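Report on the following structure.
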Amino acid sequence: MKKIIITATAAIALFCIASSSDKKDEGQSATMGGVPSESTRDAFVTASESTVNGVVSIKSFATPRQSMQAMDIDPLLEFFYGMPGRSQRRQQQEPQQQQMGLGSGVIISDDGYIVTNNHVIADAERLEVTLNDNRNFDATVVGTDPVTDLALIKIDAPSLHVIPMGKSEDLHVGEWVLAVGNPFGFTSTVTSGIVSAKARNISTTTGTPTGGGIESYIQTDAAVNRGNSGGALVNLKGELVGINTAIYSQTGTYAGCSFAIPTSIVEKVVADIKKYGTVQRAVLGISFIELSPELIAKEKLQGPTAGIYVAEVLDRSAALEAGIQKGDIIVAIDGKPIRSTAEMQEAMTRMSPGDKVDIQYYRNGTPAVTSATMRNKSGNTSITRADNDSRLGATFKPIDRETSRRLGIRAGLEVSALQNNGFMSRAGIREGFIIVSVNGQRVSKPEDMAAAYKQATAEGADRVLFISGIYPSGKTAHYAVPLDE
């Protein structure tokens with residue numbers, strides 16, 4: 001007998017494959033002898049035909065970075081690395097944009113709004129959207145949310161085909177779903193499967209964190225591959241129930257498990273981006289651990305065997321105000337069961353600062369209910385807006401060709417005006433300073449600075465800008481600009 005050694009990840013892969021094969025038995029009620037019934041086939045056809053025109057292909061373009069030998073050398077590199085002076089620079093042609101990525105998107109309004117994954121459009125200089133009828137449009141980014149890996153973009157086109165929004169919370173494990181997207185560049189591709197699990201947290205299973213911060217996925221066995229990211233997961237009514245985002249695979253191609261962001265999260269994120277430019281994220285203000293047999297035994301807990309154990313209650317938090325204490329076990333929010341980290345994250349993602357919720361919990365084995373008013377991460381209920389980069393307190397303008405030639409730099413942003421109470425003046429930056437790079441990225445236009453600020457103030461970021469540049473006198477300077485009060 002051949003000896004098989006199963007690692008933790010291999011065991012997960014085998015479990016996923018087994019789940020896929022089990023589907024054939026569980027789905028017999030909708031089939032006859034393993035063949036879909038006529039009504040089921042009709043539903044597949046209707047759902048497919050009604051959704052393929054609502055899914056688009058998204059190509060991202062960017063200018064590839066040049067090698068250090070091919071770059072014009074600026075004084076900052078000379079200062080730090082002793083690189084050759086201006087007399088030895090090579091004259092290089094400006095590199096051309098190249099296609100860097102391919103993904104999918106879902107039309108959610110007939111006037112051109114499209115939802116996709118943040119990783120599909122990240123770092124793109126230009127986005128090209130192709131409709132199912134082969135029309136091409138350049139797209140603009142309305143807003144992004146790296147925490148949920150979602151992005152909202154827009155094209156200038158009227159009367160588009162829209163996939164209606166469905167309710168992901170109404171999905172049942174075992175229910176048939178379709179994945180619609182553009183795997184490997186094959187447009188208008190439809191695959192089918194069932195809902196294998198809901199509120200799936202990939203990290204707790206694999207031990208490897210994903211790119212996003214919120215993990216509460218719909219797991220399916222509908223085939224999804226590279227290029228499907230940002231595409232539609234629909235039910236047999238042709239309603240959008242999720243945005244296809246990830247697969248679990250040891251080879252990089254489909255291996256039986258695919259994951260979609262549920263529309264319960266998508267709707268909230270998209271609505272906030274359209275209204276405020278950024279997501280209004282609520283926090284309860286606790287550190288928590290998912291209940292497990294080991295935790296129950298260690299803490300000698302009484303009551304439920306599934307829920308969220310409160311490990312710490314933070315100061316100035318909604319939980320503290322509501323009377324939640326360390327050791328409490330949260331089992332439901334507004335009547336919806338909370339049995340895992342993923343369900344807790346999904347519940348928080350649906351809320352905004354200022355929302356009032358009922359929290360069902362156990363304390364020392366006794367059930368209780370309290371009401372809490374959700375707050376933002378600053379401990380209040382204020383609205384956060386995307387235009388907070390104005391707090392930098394500076395006005396920027398691109399440098400002209402003469403300045404570029406005189407200082408020996410390819411591009412930069414001049415600080416043309418400063419406010420006394422802005423972040424930049426506090427850091428010691430003076431008017432006339434020319435910014436060459438921010439957090440290691442070159443800048444050449446005001447939009448670059450806005451993008452750097454947005455990235456630095458995203459949830460989980462370090463909230464600081466490391467700025468390098470040069471004054472008109474030729475003196476180089478470097479500043480750390482904290483972005484907190």
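The way I read the labels, and the way they are meant: chains A, B, ... in the order of the structure tokens, residue 1 as the first residue of every chain, and ligand 1 as the first ligand shown, with later ones counted on from there.
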Stretch 110-179 of chain A: residues DSSP assigns to helix (DSSP H, G or I), reported as a VMD selection string:
chain A and resid 118 to 121 168 to 170
Who sits within 6 Å of stretch 419-431 of chain A, only C-alpha atoms, same chain under 5 positions skipped, as a ChimeraX atom specification
/A:391-393,481
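Once stretch 134-146 of chain A and its same-chain neighbours fewer than 2 positions away are set aside, Asn118, His119, Arg126, Leu127, Glu128, Val129, Thr130, Leu131, Asn132, Thr148, Asp149, Leu150, Ala151, Leu152, Ile153, Lys154, Ile155, Asp156, Gly212, Gly213, Val269, Ile273, Lys274, Gly277, Thr278, Val279 and Ala458 of chain A remain within 8 Å of it when counting only C-alpha atoms.
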Between atom CA of A:Gly112 and atom CA of A:His161 - distance in Å to one decimal:
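The value is 9.4 Å.
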Can you measure atom CA of A:Thr381 to atom CA of A:Lys336 for me? One decimal in Å is fine.
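Between atom CA of A:Thr381 and atom CA of A:Lys336 the gap works out to 23.1 Å.
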For A:Ala417, work out the shell of residues within 8 Å, counting only C-alpha atoms and skipping chain neighbours fewer than 4 positions away, then give it as a PyMOL selection string.
chain A and resi 394-396+431
Mind writing the picked residues with C-alpha atoms as a PDB file, in the first residue's frame?
```pdb
ATOM      1  CA  ALA A 394      -1.055  71.996   1.546  1.00  0.00           C
ATOM      2  CA  THR A 395      -1.595  72.794  -2.110  1.00  0.00           C
ATOM      3  CA  PHE A 396       0.448  70.981  -4.750  1.00  0.00           C
ATOM      4  CA  GLU A 431       6.685  76.215   0.828  1.00  0.00           C
TER       5      GLU A 431
END
```
